[in-house]
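Text of work_31.txt, listed as compact mmCIF, C-alpha atoms:
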```
# COMPACT_ATOMS: atom_id res chain seq x y z
CA MET A 25 -24.97 19.93 -19.69
CA LEU A 26 -23.77 20.97 -16.25
CA GLU A 27 -23.93 24.74 -16.37
CA LYS A 28 -22.15 25.63 -13.15
CA LEU A 29 -20.31 24.02 -10.24
CA ILE A 30 -20.14 25.75 -6.87
CA VAL A 31 -17.12 24.62 -4.85
CA LEU A 32 -16.97 25.27 -1.11
CA VAL A 33 -13.46 25.15 0.39
CA GLU A 34 -11.95 25.83 3.78
CA GLU A 35 -8.74 27.74 3.09
CA PRO A 36 -6.88 30.01 0.63
CA SER A 37 -4.32 27.54 -0.75
CA MET A 38 -7.02 25.10 -1.88
CA GLU A 39 -8.85 27.99 -3.52
CA ALA A 40 -5.65 29.08 -5.28
CA ALA A 41 -4.88 25.59 -6.59
CA LEU A 42 -8.43 24.95 -7.79
CA GLU A 43 -8.58 28.26 -9.64
CA ILE A 44 -5.65 27.05 -11.73
CA PHE A 45 -6.43 23.41 -12.48
CA LEU A 46 -10.25 23.23 -12.29
CA PRO A 47 -10.66 24.69 -15.79
CA ARG A 48 -8.72 21.70 -17.17
CA LEU A 49 -11.15 19.29 -15.51
CA LEU A 50 -14.38 21.15 -16.22
CA ALA A 51 -13.72 22.26 -19.81
CA GLU A 52 -16.56 24.66 -20.71
CA THR A 53 -18.47 24.32 -17.43
CA ASP A 54 -18.48 27.48 -15.33
CA PHE A 55 -17.43 27.30 -11.69
CA GLU A 56 -17.40 29.47 -8.61
CA ILE A 57 -15.25 28.90 -5.53
CA ARG A 58 -16.56 30.03 -2.15
CA ARG A 59 -13.84 30.10 0.50
CA PHE A 60 -14.46 30.04 4.24
CA GLN A 61 -12.09 31.27 6.93
CA CYS A 62 -11.09 27.79 8.08
CA LYS A 63 -12.43 24.26 8.42
CA ASP A 64 -14.41 25.05 11.58
CA ASP A 65 -15.94 28.07 9.86
CA LEU A 66 -17.00 25.96 6.88
CA LEU A 67 -18.52 23.21 9.02
CA THR A 68 -20.28 25.74 11.24
CA HIS A 69 -21.90 27.66 8.39
CA LEU A 70 -22.39 24.83 5.90
CA PRO A 71 -25.88 23.77 7.09
CA GLU A 72 -27.24 27.29 6.66
CA ARG A 73 -25.47 27.72 3.31
CA LEU A 74 -26.89 24.45 1.99
CA ARG A 75 -30.41 25.34 3.11
CA GLY A 76 -30.05 28.60 1.21
CA TYR A 77 -28.99 26.78 -1.96
CA ARG A 78 -31.94 24.42 -1.63
CA HIS A 79 -34.36 27.25 -2.43
CA TRP A 80 -32.83 28.40 -5.70
CA LEU A 81 -30.28 25.90 -7.04
CA PRO A 82 -31.02 25.32 -10.77
CA GLU A 83 -31.34 21.73 -12.00
CA ASN A 84 -28.16 21.97 -14.05
CA TRP A 85 -25.99 23.28 -11.20
CA ALA A 86 -24.13 21.21 -8.60
CA ILE A 87 -22.27 21.83 -5.35
CA LEU A 88 -18.95 20.29 -4.31
CA VAL A 89 -17.93 20.52 -0.65
CA LEU A 90 -14.21 19.97 -0.15
CA VAL A 91 -12.59 19.76 3.29
CA ASP A 92 -9.33 18.42 4.71
CA ARG A 93 -9.49 15.36 6.91
CA ASP A 94 -6.75 16.64 9.25
CA ASP A 95 -7.04 14.54 12.41
CA ASP A 96 -10.72 13.68 11.97
CA ASP A 97 -11.97 10.18 11.36
CA CYS A 98 -12.69 10.15 7.62
CA ALA A 99 -15.89 8.09 7.88
CA ASP A 100 -17.27 10.25 10.69
CA LEU A 101 -16.48 13.46 8.81
CA LYS A 102 -18.15 12.11 5.66
CA ARG A 103 -21.25 11.11 7.65
CA ARG A 104 -21.39 14.59 9.13
CA LEU A 105 -21.24 16.21 5.71
CA GLU A 106 -23.84 13.82 4.32
CA ALA A 107 -26.19 14.57 7.23
CA MET A 108 -25.89 18.30 6.55
CA ALA A 109 -26.87 17.79 2.92
CA ALA A 110 -29.81 15.59 3.87
CA ASP A 111 -31.04 18.01 6.53
CA ALA A 112 -30.93 20.80 3.94
CA GLY A 113 -33.07 18.76 1.56
CA LEU A 114 -30.32 18.31 -1.04
CA LEU A 115 -29.59 15.01 -2.77
CA SER A 116 -25.96 13.96 -2.33
CA LYS A 117 -23.93 11.89 -4.75
CA SER A 118 -23.59 9.12 -2.16
CA VAL A 119 -27.36 8.85 -1.73
CA ALA A 120 -28.18 9.21 -5.44
CA GLY A 121 -25.91 6.32 -6.42
CA VAL A 122 -23.79 5.65 -9.47
CA GLY A 123 -24.86 7.39 -12.65
CA ARG A 124 -27.78 9.25 -11.06
CA PRO A 125 -28.24 13.03 -10.84
CA PHE A 126 -27.20 14.69 -7.58
CA GLN A 127 -27.07 18.20 -6.16
CA VAL A 128 -24.10 18.01 -3.81
CA ALA A 129 -20.95 15.89 -3.59
CA ASN A 130 -18.88 15.77 -0.39
CA ARG A 131 -15.18 15.12 -0.83
CA ILE A 132 -12.32 14.94 1.70
CA ALA A 133 -8.66 15.69 0.98
CA ILE A 134 -6.68 13.08 2.94
CA GLU A 135 -5.19 14.49 4.88
CA GLU A 136 -4.61 17.90 3.31
CA LEU A 137 -4.22 19.58 -0.08
CA GLU A 138 -0.50 18.86 -0.03
CA ALA A 139 -1.22 15.12 -0.36
CA TRP A 140 -2.46 15.95 -3.86
CA PHE A 141 0.90 17.58 -4.58
CA PHE A 142 2.76 14.49 -3.41
CA GLY A 143 0.41 12.54 -5.71
CA ASP A 144 1.74 14.44 -8.73
CA TRP A 145 5.43 14.65 -7.94
CA GLN A 146 6.24 15.59 -11.52
CA ALA A 147 4.33 18.82 -10.95
CA VAL A 148 6.36 19.51 -7.80
CA GLN A 149 9.57 18.82 -9.73
CA ALA A 150 8.51 21.21 -12.49
CA ALA A 151 7.88 23.96 -9.95
CA TYR A 152 10.89 23.18 -7.75
CA PRO A 153 13.54 21.40 -9.90
CA ARG A 154 15.99 20.68 -7.07
CA VAL A 155 13.69 18.23 -5.25
CA SER A 156 14.54 14.53 -5.43
CA VAL A 157 13.18 12.70 -8.46
CA ASN A 158 13.06 9.46 -6.49
CA LEU A 159 11.06 10.66 -3.48
CA PRO A 160 7.77 8.87 -4.43
CA ALA A 161 9.63 5.54 -4.31
CA LYS A 162 10.89 6.07 -0.77
CA ALA A 163 9.25 4.50 2.27
CA GLY A 164 6.75 6.88 3.80
CA PHE A 165 5.98 8.62 0.50
CA ARG A 166 4.67 5.80 -1.68
CA ASP A 167 1.06 6.50 -0.67
CA PRO A 168 0.42 10.28 -0.81
CA ASP A 169 -2.61 9.92 1.48
CA ALA A 170 -0.70 8.04 4.17
CA ILE A 171 2.24 10.39 4.79
CA LEU A 172 2.71 10.69 8.53
CA GLY A 173 3.09 13.88 10.53
CA GLY A 174 1.07 16.22 8.32
CA THR A 175 1.48 16.53 4.57
CA TRP A 176 2.14 20.26 4.48
CA GLU A 177 4.84 19.83 7.13
CA ALA A 178 6.33 16.98 5.09
CA LEU A 179 6.29 19.08 1.93
CA GLU A 180 7.94 21.94 3.77
CA ARG A 181 10.74 19.66 4.97
CA VAL A 182 11.31 18.22 1.50
CA LEU A 183 11.40 21.64 -0.13
CA GLN A 184 13.68 23.08 2.54
CA ARG A 185 16.14 20.21 2.13
CA ALA A 186 16.22 21.12 -1.57
CA GLY A 187 16.99 24.75 -0.73
CA TYR A 188 13.54 26.31 -0.97
CA PHE A 189 11.51 28.23 1.65
CA SER A 190 14.24 28.46 4.26
CA GLY A 191 12.04 30.84 6.24
CA GLY A 192 9.02 28.53 6.15
CA LEU A 193 6.62 27.26 3.50
CA HIS A 194 4.58 29.94 1.73
CA LYS A 195 1.47 27.83 1.18
CA LEU A 196 -0.27 30.15 -1.29
CA GLU A 197 2.82 30.62 -3.44
CA CYS A 198 3.54 26.91 -3.33
CA ALA A 199 -0.04 25.96 -4.25
CA ARG A 200 -0.08 28.26 -7.26
CA SER A 201 3.36 27.17 -8.47
CA ILE A 202 2.63 23.44 -8.29
CA ALA A 203 -0.96 23.65 -9.56
CA ARG A 204 0.24 25.21 -12.83
CA HIS A 205 2.02 21.95 -13.65
CA MET A 206 -0.52 19.42 -12.35
CA GLU A 207 -1.92 16.80 -14.71
CA PRO A 208 -5.01 15.32 -13.04
CA GLU A 209 -4.88 11.97 -14.86
CA ARG A 210 -1.48 11.06 -13.39
CA ASN A 211 -2.24 11.94 -9.75
CA ARG A 212 -1.60 8.98 -7.43
CA SER A 213 -3.59 10.36 -4.47
CA GLY A 214 -6.72 8.34 -3.82
CA SER A 215 -8.52 11.37 -2.39
CA PHE A 216 -7.65 13.37 -5.52
CA GLN A 217 -9.01 10.55 -7.67
CA ALA A 218 -12.24 10.61 -5.64
CA PHE A 219 -12.43 14.37 -6.15
CA GLY A 220 -11.91 13.95 -9.89
CA GLY A 221 -14.50 11.18 -9.96
CA ALA A 222 -17.11 13.49 -8.44
CA LEU A 223 -16.38 16.09 -11.10
CA SER A 224 -16.62 13.50 -13.87
CA ALA A 225 -19.92 12.20 -12.49
CA ALA A 226 -21.37 15.71 -12.35
CA LEU A 227 -20.32 16.38 -15.94
CA ALA A 228 -21.65 12.99 -17.09
CA TRP A 229 -25.16 13.38 -15.73
CA GLY A 230 -25.13 17.02 -16.79
CA GLU A 231 -24.69 15.84 -20.39
CA GLN A 232 -27.69 13.55 -20.01
CA ALA A 233 -29.96 16.18 -18.45
```

Is it possible to give me this structure as structure tokens?
Amino acid sequence: MLEKLIVLVEEPSMEAALEIFLPRLLAETDFEIRRFQCKDDLLTHLPERLRGYRHWLPENWAILVLVDRDDDDCADLKRRLEAMAADAGLLSKSVAGVGRPFQVANRIAIEELEAWFFGDWQAVQAAYPRVSVNLPAKAGFRDPDAILGGTWEALERVLQRAGYFSGGLHKLECARSIARHMEPERNRSGSFQAFGGALSAALAWGEQA
């Protein structure tokens, strides 16, 4: 079975959310989250970090690299991440193909972590009961990965209209509060589903190893 998953993330709120809901997705598999200072810091140091892993990564361990798209072109960012894995001598999920063992999976949150929160609006409601129940049906919010103007800014506006965070969104507090109520199987965000798919694939081949 997959013994351990190393997750590389770019910022504290993603780390905080993953610490809460990753155990539900990984069951008995151990995990370790390595947080960088920001996206640029992760992308700058990722090649060296991956080369280091190449020399000692056990067969039943895997790496998941998770970054926000922000304003980057998604395909270009994915190609960049894939090239870093290849240059380090690590086999990526994309190269290995469906159902085959891999050492690293690259996943992009489109456009930010907060899109995953919009994808599970029931979790947001549980954490912040005054928000509108009907928001996911409104134009501009039906696709969590296509919300315009920045998803964390959109979440801040929605929460402030409901009477929360009048002084500005506290991203860490918000991430922890919502993550406690998230149910991965109901998340409507395509990028979250891709993230969950990578985890499921790692666990599946880990069971076969």

Close residues, Glu35 (chain A) itself excluded, 7 Å, only C-alpha atoms, min 4 positions apart in chain, as a VMD selection string
chain A and resid 39 59 to 62

Neighbouring residues of region 76-83 of chain A were defined as those with any atom within 10 Å, considering all atoms listed in the file; residues of the same chain fewer than 5 positions away were excluded. Please report them as a list of chain:residue names.
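These residues fall inside the cut-off: A:Leu26, A:Glu27, A:Lys28, A:Leu70, A:Pro71, A:Ala109, A:Ala112, A:Gly113, A:Leu114, A:Leu115, A:Pro125, A:Phe126, A:Gln127, A:Gly230, A:Ala233.
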
What does the structure give for the distance between CA of Asn130 (chain A) and CA of Leu42 (chain A), in Å to one decimal?
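Result for CA of Asn130 (chain A) versus CA of Leu42 (chain A): 15.8 Å, one decimal.
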
Would you mind telling me which residue in A:Phe219, A:Ala129, A:Ile134, A:Thr68 lies nearest to Ala99 (chain A) when using all atoms listed in the file?
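Of A:Phe219, A:Ala129, A:Ile134, A:Thr68, the one nearest Ala99 (chain A), counting all atoms listed in the file, is A:Ile134.
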
Work out how far apart CA of Ser156 (chain A) and CA of Gly174 (chain A) are and give it in Å to one decimal.
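The value is 19.3 Å.
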
A:Lys117, A:Arg73, A:Lys63, A:Arg210: which is nearest Asp95 (chain A), counting only C-alpha atoms?
A:Lys63

Of the residues A:Pro208, A:Gly121, A:Gly187, A:Gly220, which is the one nearest to Asp144 (chain A), using all atoms listed in the file?
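The answer is A:Pro208, which sits nearest to Asp144 (chain A).
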
Measure the distance from CA of Asp65 (chain A) to CA of Leu32 (chain A) in Å and round it to one decimal.
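A separation of 11.4 Å between them.
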
From A:Val157, A:Met38, A:Ala86, A:Trp140, residue lying nearest Ser116 (chain A) [all atoms listed in the file]:
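Nearest to Ser116 (chain A): A:Ala86.
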
Please determine, counting only C-alpha atoms, which residue among A:Asp96, A:Asp111, A:Glu209, A:Glu106 has the shortest atom-to-atom distance to Leu49 (chain A).
A:Glu209

May I ask which of the residues A:Ile57, A:Val119, A:Met206, A:Leu172 is the closest one to Leu90 (chain A), counting all atoms listed in the file?
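Going through A:Ile57, A:Val119, A:Met206, A:Leu172 one by one, the smallest distance to Leu90 (chain A) is for A:Ile57.
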